[in-house]
$ cat coords.cif   # mmCIF, C-alpha atoms and all ligand atoms
data_protein
#
loop_
_atom_site.label_atom_id
_atom_site.label_comp_id
_atom_site.auth_asym_id
_atom_site.auth_seq_id
_atom_site.Cartn_x
_atom_site.Cartn_y
_atom_site.Cartn_z
CA MET M 538 127.42 27.48 1.17
CA ALA M 539 125.05 30.40 1.42
CA LYS M 540 126.40 33.31 3.35
CA HIS M 541 123.65 35.55 4.55
CA SER M 542 123.80 39.26 4.13
CA MET M 543 121.04 41.79 4.25
CA VAL M 544 120.38 44.21 1.46
CA LEU M 545 118.42 47.26 2.47
CA PRO M 546 116.03 48.79 2.03
CA GLN M 547 113.49 46.24 1.01
CA GLY M 548 110.10 45.10 2.15
CA SER M 549 111.12 41.50 2.37
CA ALA M 550 113.24 40.94 5.39
CA ILE M 551 115.21 37.87 4.60
CA GLY M 552 117.99 38.82 2.20
CA ASN M 553 119.45 35.85 0.42
CA GLU M 554 117.87 33.08 2.46
CA SER M 555 116.09 30.53 0.35
CA ILE M 556 112.34 30.04 0.41
CA GLY M 557 112.97 26.63 1.95
CA GLN M 558 114.86 28.15 4.82
CA ARG M 559 112.07 30.60 5.38
CA LEU M 560 109.42 27.92 5.26
CA ILE M 561 111.07 25.76 7.87
CA LYS M 562 111.59 28.77 10.08
CA ARG M 563 107.83 29.31 9.94
CA ARG M 564 107.19 25.77 11.06
CA ARG M 565 109.00 26.15 14.31
CA LEU M 566 106.56 26.02 17.15
CA VAL M 567 107.00 28.51 19.88
CA SER M 568 105.68 28.16 23.35
CA GLY M 569 102.09 27.57 24.25
CA VAL M 570 100.51 26.69 27.53
CA GLY M 571 100.83 22.97 26.84
CA LEU M 572 104.54 23.25 26.39
CA TYR M 573 105.00 24.55 29.89
CA LEU M 574 103.48 21.37 31.23
CA ASN M 575 105.46 19.08 28.96
CA SER M 576 108.84 20.72 28.90
CA LYS M 577 111.31 19.07 31.21
CA SER M 578 113.90 21.73 30.55
CA LYS M 579 111.52 24.30 31.92
CA PHE M 580 112.25 23.08 35.42
CA SER M 581 115.86 22.10 35.00
CA PHE M 582 117.06 25.55 36.06
CA PRO M 583 117.20 26.55 39.68
CA ILE M 584 114.16 28.79 39.87
CA LYS M 585 114.69 31.28 42.65
CA ASP M 586 111.78 33.45 41.76
CA LEU M 587 108.70 33.02 39.62
CA ARG M 588 108.30 36.69 38.73
CA GLY M 589 110.62 39.65 38.89
CA LYS M 590 112.27 40.46 42.20
CA THR M 591 112.03 44.05 43.26
CA CYS M 592 115.81 44.16 43.60
CA PHE M 593 116.43 43.19 39.98
CA PRO M 594 118.02 45.93 37.89
CA GLU M 595 115.84 48.53 36.26
CA GLY M 596 114.26 47.37 33.01
CA LEU M 597 114.03 43.73 34.02
CA ARG M 598 110.42 42.67 33.80
CA GLY M 599 108.64 39.61 32.45
CA LEU M 600 106.65 39.69 29.20
CA ASN M 601 103.41 37.74 29.12
CA ASN M 602 103.02 35.16 26.40
CA LEU M 603 100.13 36.32 24.22
CA GLY M 604 99.75 32.98 22.42
CA SER M 605 102.94 31.52 20.94
CA THR M 606 104.77 34.83 21.23
CA CYS M 607 108.00 33.71 22.90
CA PHE M 608 109.74 34.39 19.54
CA MET M 609 108.84 38.06 20.07
CA ASN M 610 109.38 38.24 23.84
CA SER M 611 112.86 36.74 23.62
CA VAL M 612 114.00 39.28 21.02
CA LEU M 613 112.32 42.21 22.79
CA GLN M 614 114.19 41.34 25.99
CA ALA M 615 117.48 41.49 24.10
CA LEU M 616 116.57 44.81 22.41
CA LEU M 617 115.40 46.32 25.70
CA HIS M 618 118.98 45.96 26.93
CA ALA M 619 120.88 46.82 23.74
CA PRO M 620 122.72 49.89 25.07
CA PRO M 621 122.34 52.46 22.25
CA PHE M 622 118.87 51.21 21.26
CA ARG M 623 117.68 51.45 24.87
CA ASP M 624 119.23 54.89 25.38
CA TYR M 625 117.49 56.20 22.29
CA PHE M 626 114.06 55.26 23.57
CA LEU M 627 114.66 56.12 27.22
CA SER M 628 115.94 59.56 26.31
CA GLY M 629 112.90 60.42 24.22
CA GLY M 630 114.51 59.76 20.83
CA HIS M 631 111.06 59.13 19.36
CA SER M 632 108.79 61.65 20.98
CA LEU M 633 105.14 60.67 21.32
CA GLU M 634 104.07 64.33 21.23
CA ASP M 635 105.98 65.07 18.04
CA CYS M 636 105.15 61.85 16.19
CA LYS M 637 103.39 62.88 12.98
CA ARG M 638 101.81 59.47 12.46
CA ARG M 639 100.39 59.46 15.94
CA THR M 640 98.98 62.99 15.72
CA MET M 641 97.24 61.88 12.52
CA ASN M 642 95.75 59.00 14.50
CA ARG M 643 97.72 56.45 12.53
CA LEU M 644 99.49 53.42 13.93
CA CYS M 645 103.14 53.94 14.70
CA LEU M 646 105.23 50.89 15.48
CA ILE M 647 107.99 53.09 16.89
CA CYS M 648 105.57 54.77 19.31
CA ASP M 649 104.52 51.28 20.36
CA ILE M 650 108.16 50.21 20.89
CA ASN M 651 108.49 53.39 22.94
CA ALA M 652 105.50 52.31 25.04
CA VAL M 653 107.11 48.90 25.67
CA PHE M 654 110.29 50.65 26.90
CA SER M 655 108.26 52.97 29.13
CA ALA M 656 106.40 50.07 30.67
CA MET M 657 109.46 47.87 31.10
CA TYR M 658 111.47 50.66 32.77
CA SER M 659 108.54 52.00 34.84
CA GLY M 660 109.59 50.17 37.99
CA ASP M 661 106.51 47.92 37.92
CA ARG M 662 107.67 44.31 38.30
CA ASN M 663 104.48 42.56 37.27
CA PRO M 664 104.79 40.90 33.86
CA TYR M 665 103.81 43.21 31.04
CA SER M 666 101.62 42.33 28.04
CA PRO M 667 102.97 43.93 24.86
CA ALA M 668 99.57 43.54 23.15
CA GLN M 669 99.50 46.98 21.47
CA PHE M 670 103.02 46.44 20.13
CA LEU M 671 102.10 42.99 18.79
CA TYR M 672 98.99 44.37 17.10
CA SER M 673 101.01 47.19 15.56
CA TRP M 674 103.73 44.80 14.35
CA TRP M 675 101.05 42.59 12.78
CA GLN M 676 99.71 45.59 10.86
CA HIS M 677 103.17 46.45 9.57
CA SER M 678 104.26 42.91 8.75
CA ALA M 679 101.24 41.39 7.10
CA ASN M 680 103.37 38.79 5.35
CA LEU M 681 104.72 37.46 8.64
CA ALA M 682 101.83 38.03 10.99
CA SER M 683 99.62 35.24 12.10
CA TYR M 684 99.07 33.07 15.10
CA GLU M 685 101.28 30.51 13.40
CA GLN M 686 104.69 29.63 14.67
CA GLN M 687 107.21 32.40 14.10
CA ASP M 688 110.92 32.64 14.04
CA ALA M 689 112.80 34.94 16.43
CA HIS M 690 115.39 35.88 13.81
CA GLU M 691 112.77 36.75 11.20
CA PHE M 692 110.96 38.86 13.76
CA PHE M 693 114.16 40.71 14.64
CA ILE M 694 114.94 41.57 11.00
CA SER M 695 111.34 42.44 10.22
CA MET M 696 111.16 44.81 13.19
CA LEU M 697 114.38 46.61 12.22
CA ASN M 698 113.27 46.88 8.60
CA THR M 699 109.95 48.36 9.68
CA ILE M 700 111.73 50.96 11.82
CA HIS M 701 113.89 51.82 8.80
CA GLU M 702 110.88 52.08 6.49
CA LYS M 703 109.17 54.51 8.86
CA GLU M 704 112.16 56.53 10.06
CA GLY M 705 114.86 56.02 7.43
CA ILE M 706 116.35 59.37 6.53
CA THR M 707 119.89 60.62 5.91
CA ARG M 708 121.48 63.78 7.33
CA ASN M 709 120.71 65.64 4.13
CA GLY M 710 117.07 64.63 4.27
CA SER M 711 116.97 61.97 1.58
CA LYS M 712 115.71 58.45 2.13
CA GLY M 713 118.59 56.47 3.60
CA ASN M 714 119.62 53.03 2.52
CA GLY M 715 121.95 51.86 5.23
CA GLY M 716 125.32 53.45 5.94
CA ASP M 717 124.18 57.05 6.01
CA CYS M 718 120.71 56.34 7.38
CA GLN M 719 119.94 58.01 10.70
CA CYS M 720 117.13 55.67 11.77
CA ILE M 721 117.79 53.98 15.11
CA ALA M 722 117.84 50.51 13.50
CA HIS M 723 120.74 51.48 11.23
CA ARG M 724 122.57 53.60 13.77
CA VAL M 725 122.74 50.61 16.09
CA PHE M 726 122.86 47.52 13.87
CA TYR M 727 124.24 48.60 10.48
CA GLY M 728 127.45 46.98 9.34
CA LEU M 729 129.16 46.39 6.00
CA LEU M 730 130.41 43.13 4.53
CA ARG M 731 133.06 42.95 1.85
CA SER M 732 133.08 40.15 -0.66
CA ASP M 733 136.15 39.53 -2.85
CA VAL M 734 135.74 37.21 -5.82
CA THR M 735 139.04 36.20 -7.41
CA CYS M 736 139.12 34.77 -10.92
CA MET M 737 141.11 31.55 -10.76
CA ALA M 738 142.23 31.93 -14.39
CA CYS M 739 143.65 35.48 -14.37
CA GLY M 740 143.64 36.52 -10.72
CA PHE M 741 141.36 39.53 -11.29
CA ILE M 742 139.54 40.49 -8.08
CA SER M 743 136.05 41.88 -8.09
CA THR M 744 134.96 43.46 -4.81
CA THR M 745 131.42 44.17 -3.65
CA TYR M 746 130.01 45.55 -0.42
CA ASP M 747 126.77 44.51 1.23
CA PRO M 748 125.09 46.11 4.21
CA PHE M 749 123.95 43.89 7.06
CA LEU M 750 121.87 44.16 10.21
CA ASP M 751 123.11 40.84 11.52
CA ILE M 752 125.37 38.04 10.31
CA SER M 753 124.01 34.54 9.79
CA LEU M 754 126.57 31.84 10.45
CA ASN M 755 126.72 28.20 9.42
CA LEU M 756 127.72 25.84 12.19
CA ASP M 757 131.31 24.68 11.68
CA ILE M 758 130.25 21.06 11.70
CA ASN M 759 133.13 19.68 9.68
CA ASN M 760 135.76 21.76 11.34
CA SER M 761 134.89 21.51 15.00
CA LEU M 762 137.51 20.78 17.57
CA ARG M 763 137.57 17.46 19.33
CA GLU M 764 137.25 17.96 23.03
CA LYS M 765 139.98 15.98 24.71
CA GLY M 766 139.56 15.13 28.37
CA LYS M 767 137.42 18.20 28.96
CA LYS M 768 133.83 17.66 29.95
CA VAL M 769 131.37 19.68 27.93
CA THR M 770 128.28 20.74 29.83
CA LYS M 771 126.03 19.90 26.94
CA SER M 772 127.52 17.99 24.08
CA ASN M 773 126.13 16.81 20.80
CA GLU M 774 125.87 13.27 19.66
CA ASP M 775 129.34 12.82 18.16
CA ASP M 776 131.29 14.43 20.99
CA SER M 777 132.79 17.15 18.84
CA MET M 778 132.20 20.77 19.59
CA SER M 779 131.45 23.77 17.47
CA THR M 780 132.69 27.18 18.50
CA LEU M 781 131.53 30.63 17.49
CA LEU M 782 135.09 31.54 16.51
CA GLY M 783 135.12 28.42 14.30
CA CYS M 784 131.89 29.64 12.65
CA LEU M 785 133.42 33.09 12.06
CA ASP M 786 136.56 31.45 10.61
CA LEU M 787 134.34 29.43 8.30
CA PHE M 788 132.43 32.58 7.30
CA THR M 789 135.60 34.47 6.34
CA ARG M 790 137.55 31.56 4.88
CA PRO M 791 138.26 31.62 1.09
CA GLU M 792 135.68 29.40 -0.55
CA LYS M 793 136.11 27.81 -3.95
CA LEU M 794 132.86 28.19 -5.82
CA GLY M 795 131.65 25.05 -7.55
CA SER M 796 131.74 24.65 -11.33
CA ASP M 797 127.97 25.26 -11.36
CA GLN M 798 128.60 28.67 -9.76
CA LYS M 799 131.09 30.05 -12.28
CA LEU M 800 131.15 33.85 -12.19
CA TYR M 801 131.72 36.30 -15.02
CA CYS M 802 135.25 37.76 -14.96
CA GLN M 803 135.51 41.31 -16.35
CA LYS M 804 139.09 40.75 -17.45
CA CYS M 805 138.72 37.34 -19.11
CA GLN M 806 135.26 38.37 -20.33
CA GLU M 807 133.87 34.94 -19.66
CA ARG M 808 132.62 32.79 -16.81
CA GLN M 809 135.47 31.33 -14.78
CA ASN M 810 136.05 29.29 -11.65
CA SER M 811 136.46 31.63 -8.75
CA LEU M 812 137.41 31.96 -5.13
CA LYS M 813 135.16 33.96 -2.81
CA GLN M 814 136.13 35.47 0.49
CA MET M 815 134.01 37.49 2.91
CA SER M 816 135.27 39.99 5.46
CA ILE M 817 133.81 42.77 7.57
CA THR M 818 134.55 46.34 6.57
CA LYS M 819 132.38 48.06 9.14
CA LEU M 820 131.23 46.64 12.45
CA PRO M 821 128.03 47.95 14.01
CA PRO M 822 127.84 49.22 17.62
CA VAL M 823 125.67 46.17 18.35
CA LEU M 824 126.74 43.02 16.55
CA THR M 825 124.06 40.35 16.23
CA LEU M 826 125.11 36.86 15.20
CA HIS M 827 122.45 34.40 14.06
CA VAL M 828 123.27 30.68 14.12
CA LYS M 829 121.72 28.73 11.26
CA ARG M 830 120.23 25.85 13.19
CA PHE M 831 117.43 25.11 10.75
CA GLU M 832 118.12 23.31 7.48
CA HIS M 833 116.07 22.19 4.54
CA SER M 834 117.08 19.66 1.91
CA PHE M 835 115.12 19.98 -1.32
CA VAL M 836 116.64 16.73 -2.58
CA LYS M 837 115.64 14.70 0.45
CA LYS M 838 112.59 16.92 1.06
CA LEU M 839 113.53 17.03 4.71
CA SER M 840 113.77 19.82 7.25
CA ARG M 841 115.74 19.49 10.39
CA LYS M 842 117.08 21.38 13.33
CA ILE M 843 120.74 21.07 14.26
CA ASP M 844 120.79 20.66 18.03
CA ARG M 845 124.52 20.95 18.14
CA TYR M 846 126.10 22.68 21.10
CA LEU M 847 127.92 25.88 20.16
CA GLN M 848 130.46 27.40 22.47
CA PHE M 849 130.44 31.21 22.43
CA PRO M 850 132.73 33.69 24.20
CA PHE M 851 131.47 36.48 26.48
CA SER M 852 134.23 38.78 25.19
CA LEU M 853 134.63 38.76 21.43
CA ASP M 854 137.49 40.25 19.44
CA MET M 855 136.39 40.69 15.82
CA THR M 856 139.80 41.93 14.60
CA PRO M 857 140.70 38.68 12.73
CA TYR M 858 137.50 38.97 10.63
CA LEU M 859 137.98 42.58 9.54
CA SER M 860 138.78 43.31 5.90
CA SER M 861 142.13 44.80 6.96
CA SER M 862 143.21 41.57 8.71
CA ILE M 863 141.94 39.32 5.93
CA LEU M 864 143.65 41.32 3.19
CA ARG M 865 146.84 41.63 5.19
CA ALA M 866 146.90 37.86 5.51
CA ARG M 867 146.36 37.56 1.76
CA TYR M 868 148.90 40.11 0.55
CA GLY M 869 151.38 40.33 3.39
CA ASN M 870 152.00 43.50 5.32
CA ARG M 871 151.66 46.05 2.55
CA ILE M 872 149.75 49.19 3.42
CA PHE M 873 146.11 49.37 2.48
CA ASN M 874 143.46 51.94 3.05
CA PHE M 875 140.35 49.96 3.80
CA GLY M 876 137.99 52.77 4.66
CA GLY M 877 136.33 50.88 7.52
CA ASN M 878 136.43 51.42 11.26
CA GLU M 879 139.34 49.25 12.14
CA SER M 880 140.59 50.40 15.50
CA ASP M 881 140.49 48.27 18.63
CA ALA M 882 137.74 50.39 20.13
CA PHE M 883 135.39 49.21 17.40
CA SER M 884 136.35 45.56 17.23
CA LYS M 885 136.18 44.48 20.89
CA PHE M 886 132.75 43.32 21.99
CA GLU M 887 131.02 42.12 25.14
CA ILE M 888 128.00 39.88 25.15
CA PHE M 889 124.80 41.30 26.64
CA ALA M 890 122.05 38.94 25.45
CA VAL M 891 121.48 35.48 23.99
CA VAL M 892 118.26 34.19 22.43
CA THR M 893 118.07 30.42 22.75
CA HIS M 894 115.86 27.84 21.13
CA SER M 895 115.16 24.56 22.84
CA GLY M 896 113.10 21.67 21.57
CA THR M 897 112.51 20.46 18.05
CA LEU M 898 111.66 21.97 14.71
CA GLU M 899 107.96 21.36 15.27
CA SER M 900 107.83 21.99 18.99
CA GLY M 901 110.19 24.36 20.68
CA HIS M 902 110.52 27.36 22.91
CA TYR M 903 112.51 30.59 22.83
CA VAL M 904 114.08 31.96 25.99
CA SER M 905 116.58 34.77 26.32
CA PHE M 906 119.38 35.52 28.74
CA VAL M 907 120.37 39.09 29.43
CA ARG M 908 123.50 40.30 31.18
CA LEU M 909 123.12 43.32 33.41
CA ARG M 910 125.85 44.58 35.71
CA LYS M 911 127.84 41.35 35.41
CA GLN M 912 124.82 39.24 36.40
CA TRP M 913 122.88 37.02 34.01
CA TYR M 914 119.08 36.77 34.02
CA ARG M 915 116.90 34.25 32.30
CA CYS M 916 113.85 35.83 30.63
CA ASP M 917 111.32 33.13 29.94
CA ASP M 918 108.17 35.02 28.98
CA ALA M 919 106.68 36.21 32.29
CA TRP M 920 109.39 34.58 34.38
CA ILE M 921 112.64 36.33 35.22
CA THR M 922 115.24 34.41 37.19
CA GLU M 923 118.81 35.00 38.18
CA VAL M 924 121.15 32.39 36.65
CA ASP M 925 124.84 31.64 36.74
CA GLU M 926 127.23 31.86 33.79
CA ALA M 927 127.36 28.07 33.37
CA THR M 928 123.63 28.01 32.61
CA VAL M 929 124.10 30.59 29.86
CA ARG M 930 127.13 28.82 28.41
CA ALA M 931 125.22 25.52 28.31
CA SER M 932 122.25 26.99 26.46
CA GLN M 933 121.47 26.32 22.82
CA CYS M 934 122.24 29.75 21.40
CA TYR M 935 120.29 30.89 18.35
CA MET M 936 121.01 34.62 18.30
CA ILE M 937 123.90 36.21 20.17
CA PHE M 938 124.01 39.95 20.86
CA TYR M 939 127.30 41.73 21.44
CA ALA M 940 127.83 45.43 22.19
CA GLN M 941 131.05 47.31 21.54
CA LYS M 942 133.03 47.08 24.74
CA THR M 943 132.98 50.79 25.53
CA LEU M 944 129.19 50.92 25.07
CA PHE M 945 128.78 47.84 27.23
CA ASN M 946 130.98 49.26 30.00
CA ASN M 947 129.15 52.58 29.97
CA ALA M 948 125.81 50.78 30.02
CA SER M 949 126.85 48.78 33.08
CA GLU M 950 127.03 52.02 35.00
CA ASP M 951 124.02 53.67 36.53
CA LEU M 952 121.17 54.60 34.21
CA SER M 953 120.23 57.68 36.20
CA HIS M 954 122.14 59.97 33.82
CA LEU M 955 119.50 59.32 31.20
CA PRO M 956 116.85 61.99 30.86
CA ASN M 957 113.28 60.85 31.18
CA SER M 958 111.39 60.29 27.98
CA PRO M 959 108.32 62.52 27.70
CA GLY M 960 106.33 59.35 27.06
CA ARG M 961 107.79 57.53 30.01
CA GLU M 962 105.47 56.40 32.74
CA VAL M 963 106.05 57.63 36.23
CA PHE M 964 108.77 55.64 37.95
CA ILE M 965 107.37 53.83 40.94
CA PRO M 966 109.91 53.62 43.75
CA ILE M 967 109.99 50.25 45.42
CA ALA M 968 110.37 50.29 49.15
CA GLY M 969 113.07 48.03 50.48
CA CYS M 970 114.65 47.46 47.10
CA CYS M 971 118.12 46.01 47.57
ZN ZN L 1 105.52 57.40 16.49
ZN ZN L 2 117.52 53.19 8.34
ZN ZN L 3 139.72 36.30 -15.20
#
$ encode --input "coords.cif" --output "structure tokens"
Amino acid sequence: MAKHSMVLPQGSAIGNESIGQRLIKRRRLVSGVGLYLNSKSKFSFPIKDLRGKTCFPEGLRGLNNLGSTCFMNSVLQALLHAPPFRDYFLSGGHSLEDCKRRTMNRLCLICDINAVFSAMYSGDRNPYSPAQFLYSWWQHSANLASYEQQDAHEFFISMLNTIHEKEGITRNGSKGNGGDCQCIAHRVFYGLLRSDVTCMACGFISTTYDPFLDISLNLDINNSLREKGKKVTKSNEDDSMSTLLGCLDLFTRPEKLGSDQKLYCQKCQERQNSLKQMSITKLPPVLTLHVKRFEHSFVKKLSRKIDRYLQFPFSLDMTPYLSSSILRARYGNRIFNFGGNESDAFSKFEIFAVVTHSGTLESGHYVSFVRLRKQWYRCDDAWITEVDEATVRASQCYMIFYAQKTLFNNASEDLSHLPNSPGREVFIPIAGCC
């Protein structure tokens, strides 16, 4: 079982994912005009409004599809409402006037992200075309850029890595590599995974730490709960149900490595059978969970998408997956100093966005749901519609975005306390806005 973690900094965005996994991600078709006509699911939601209502909360605006760009639009909508990320841009965190790259007439992806924020929070409700941003991202991500099908998760990681490459710096001025990096990507999304490998011959434990920007989870297919007597809104073919908590249990469960994966033990000084267990030492302010729905078998030479329904909670307590909890369970209640942020304030999360993928490996469409002031909205490229919780729960989640509860609660309050960014467009008041 491959557990995904991200090692930074690096030009390549995809950590320990195999080439096969990357290839099949590429093959996923995102929306085109034809899909709108063919997709039944497109019209299965109660559409109250085809564009943005003037009474929708600030920052809610459609994004035009620029040719198979729903992978990008869906992620941008989530990032536009990620509390600390949003606050950074809306409060002039990256100043257009002071940007060295811009004054030298060079492309700056971060200036272009800034421009997307300005436009989306300008008060204009007509769908926006993030063409300059897309062009800029293409220039920075030559290995990913093309009109071919793209993957929303790859785009997300590539965008954060690009921000880090351009802005990564520590407090003492050196180039940051994660934990101490002050770039907005790391300040918001950086977390730390702990991996304990126990030698099954002598019991020696070797511990390593890996930074992450998101956590990729396998679906808990073999461990899902049987639903008894309870109707699932959208169930998979064998009537069992996967849950996000089940996936997190699977991720942090001790795993016996196969005899072909024997690891070198420092104490025995030879390769031994070992037991590996992951846990989380530091949680980021915004926790992004990526569900591995796309599989490739080199033996069978087959790629497939797992359409399985995954139940996810709106409030998420990550305490059971912290290194402190895992080690306490392993050793009993002896006192440990784990060095991570382990208090309740850091481990309670609220959901604020979900990126979903519907359709098949070859032909599919990304849509996101964002949660603003206790109301959910469906962002389907240019179309923004109000939806109920059941619609969100029934969706086929691909990426789930959680914010630390205190950040989420603060963000649900009025945005008027935020200072205007120097690069922000003039806010256009809308008469009669409810
Ligand atoms: Zn800039
Ligand atoms: Zn950084
Ligand atoms: Zn050993």
$ residues_near_ligand --input "coords.cif" --ligand "ligand ZN 3 (chain L)" --cutoff "6 Å" --atoms "all atoms listed in the file" --output "number ranges by chain"
M: 736, 738-741, 802, 804-805
$ closest_residue --input "coords.cif" --among "M:Leu597, M:Ile817, M:Cys592, M:Cys718" --to "ligand ZN 2 (chain L)" --atoms "all atoms listed in the file"
M:Cys718
$ closest_residue --input "coords.cif" --among "M:Glu634, M:Glu832, M:Asp757, M:Asp688" --to "ligand ZN 1 (chain L)" --atoms "only C-alpha atoms and all ligand atoms"
M:Glu634
$ closest_residue --input "coords.cif" --among "M:Arg830, M:Arg638, M:Arg598, M:Arg724" --to "ligand ZN 2 (chain L)" --atoms "all atoms listed in the file"
M:Arg724
$ residues_near_ligand --input "coords.cif" --ligand "ligand ZN 1 (chain L)" --cutoff "8 Å" --atoms "all atoms listed in the file" --output "ChimeraX atom specification"
/M:631-633,635-639,644-649
$ closest_residue --input "coords.cif" --among "M:Asp844, M:Glu887, M:Glu595, M:Glu702" --to "ligand ZN 2 (chain L)" --atoms "all atoms listed in the file"
M:Glu702
$ residues_near_point --input "coords.cif" --point "(114.6, 46.5, 13.0)" --cutoff "12 Å" --atoms "all atoms listed in the file" --output "PDB file with C-alpha atoms, in the coordinates of the input"
ATOM      1  CA  MET M 543     121.040  41.790   4.250  1.00  0.00           C
ATOM      2  CA  LEU M 545     118.420  47.260   2.470  1.00  0.00           C
ATOM      3  CA  PRO M 546     116.030  48.790   2.030  1.00  0.00           C
ATOM      4  CA  GLY M 548     110.100  45.100   2.150  1.00  0.00           C
ATOM      5  CA  ALA M 550     113.240  40.940   5.390  1.00  0.00           C
ATOM      6  CA  VAL M 612     114.000  39.280  21.020  1.00  0.00           C
ATOM      7  CA  LEU M 613     112.320  42.210  22.790  1.00  0.00           C
ATOM      8  CA  LEU M 616     116.570  44.810  22.410  1.00  0.00           C
ATOM      9  CA  PHE M 622     118.870  51.210  21.260  1.00  0.00           C
ATOM     10  CA  LEU M 646     105.230  50.890  15.480  1.00  0.00           C
ATOM     11  CA  ILE M 647     107.990  53.090  16.890  1.00  0.00           C
ATOM     12  CA  ILE M 650     108.160  50.210  20.890  1.00  0.00           C
ATOM     13  CA  TRP M 674     103.730  44.800  14.350  1.00  0.00           C
ATOM     14  CA  HIS M 677     103.170  46.450   9.570  1.00  0.00           C
ATOM     15  CA  SER M 678     104.260  42.910   8.750  1.00  0.00           C
ATOM     16  CA  HIS M 690     115.390  35.880  13.810  1.00  0.00           C
ATOM     17  CA  GLU M 691     112.770  36.750  11.200  1.00  0.00           C
ATOM     18  CA  PHE M 692     110.960  38.860  13.760  1.00  0.00           C
ATOM     19  CA  PHE M 693     114.160  40.710  14.640  1.00  0.00           C
ATOM     20  CA  ILE M 694     114.940  41.570  11.000  1.00  0.00           C
ATOM     21  CA  SER M 695     111.340  42.440  10.220  1.00  0.00           C
ATOM     22  CA  MET M 696     111.160  44.810  13.190  1.00  0.00           C
ATOM     23  CA  LEU M 697     114.380  46.610  12.220  1.00  0.00           C
ATOM     24  CA  ASN M 698     113.270  46.880   8.600  1.00  0.00           C
ATOM     25  CA  THR M 699     109.950  48.360   9.680  1.00  0.00           C
ATOM     26  CA  ILE M 700     111.730  50.960  11.820  1.00  0.00           C
ATOM     27  CA  HIS M 701     113.890  51.820   8.800  1.00  0.00           C
ATOM     28  CA  GLU M 702     110.880  52.080   6.490  1.00  0.00           C
ATOM     29  CA  LYS M 703     109.170  54.510   8.860  1.00  0.00           C
ATOM     30  CA  GLU M 704     112.160  56.530  10.060  1.00  0.00           C
ATOM     31  CA  GLY M 705     114.860  56.020   7.430  1.00  0.00           C
ATOM     32  CA  GLY M 715     121.950  51.860   5.230  1.00  0.00           C
ATOM     33  CA  CYS M 720     117.130  55.670  11.770  1.00  0.00           C
ATOM     34  CA  ILE M 721     117.790  53.980  15.110  1.00  0.00           C
ATOM     35  CA  ALA M 722     117.840  50.510  13.500  1.00  0.00           C
ATOM     36  CA  HIS M 723     120.740  51.480  11.230  1.00  0.00           C
ATOM     37  CA  ARG M 724     122.570  53.600  13.770  1.00  0.00           C
ATOM     38  CA  VAL M 725     122.740  50.610  16.090  1.00  0.00           C
ATOM     39  CA  PHE M 726     122.860  47.520  13.870  1.00  0.00           C
ATOM     40  CA  TYR M 727     124.240  48.600  10.480  1.00  0.00           C
ATOM     41  CA  PHE M 749     123.950  43.890   7.060  1.00  0.00           C
ATOM     42  CA  LEU M 750     121.870  44.160  10.210  1.00  0.00           C
ATOM     43  CA  ASP M 751     123.110  40.840  11.520  1.00  0.00           C
ATOM     44  CA  THR M 825     124.060  40.350  16.230  1.00  0.00           C
TER      45      THR M 825
END
$ closest_residue --input "coords.cif" --among "M:Asp717, M:Asn642, M:Gly599, M:Gly604" --to "ligand ZN 2 (chain L)" --atoms "only C-alpha atoms and all ligand atoms"
M:Asp717
$ build_atoms --input "coords.cif" --residues "segment 745-754 of chain M" --atoms "N, CA and C atoms" --output "short mmCIF file (atom, residue, chain, number, x, y, z; two decimals), in the coordinates of the input"
data_model
loop_
_atom_site.label_atom_id
_atom_site.label_comp_id
_atom_site.auth_asym_id
_atom_site.auth_seq_id
_atom_site.Cartn_x
_atom_site.Cartn_y
_atom_site.Cartn_z
N THR M 745 132.74 43.56 -3.86
CA THR M 745 131.42 44.17 -3.65
C THR M 745 131.20 44.35 -2.15
N TYR M 746 130.32 45.28 -1.82
CA TYR M 746 130.01 45.55 -0.42
C TYR M 746 128.51 45.37 -0.19
N ASP M 747 128.17 44.72 0.91
CA ASP M 747 126.77 44.51 1.23
C ASP M 747 126.49 44.94 2.66
N PRO M 748 125.44 45.74 2.84
CA PRO M 748 125.09 46.11 4.21
C PRO M 748 124.48 44.93 4.96
N PHE M 749 124.62 44.93 6.27
CA PHE M 749 123.95 43.89 7.06
C PHE M 749 123.43 44.47 8.36
N LEU M 750 122.40 43.83 8.87
CA LEU M 750 121.87 44.16 10.21
C LEU M 750 122.26 43.09 11.21
N ASP M 751 122.55 41.92 10.70
CA ASP M 751 123.11 40.84 11.52
C ASP M 751 123.86 39.91 10.59
N ILE M 752 124.62 38.99 11.14
CA ILE M 752 125.37 38.04 10.31
C ILE M 752 124.87 36.64 10.64
N SER M 753 124.45 35.92 9.60
CA SER M 753 124.01 34.54 9.79
C SER M 753 125.17 33.60 9.56
N LEU M 754 125.41 32.72 10.51
CA LEU M 754 126.57 31.84 10.45
C LEU M 754 126.17 30.38 10.33
#
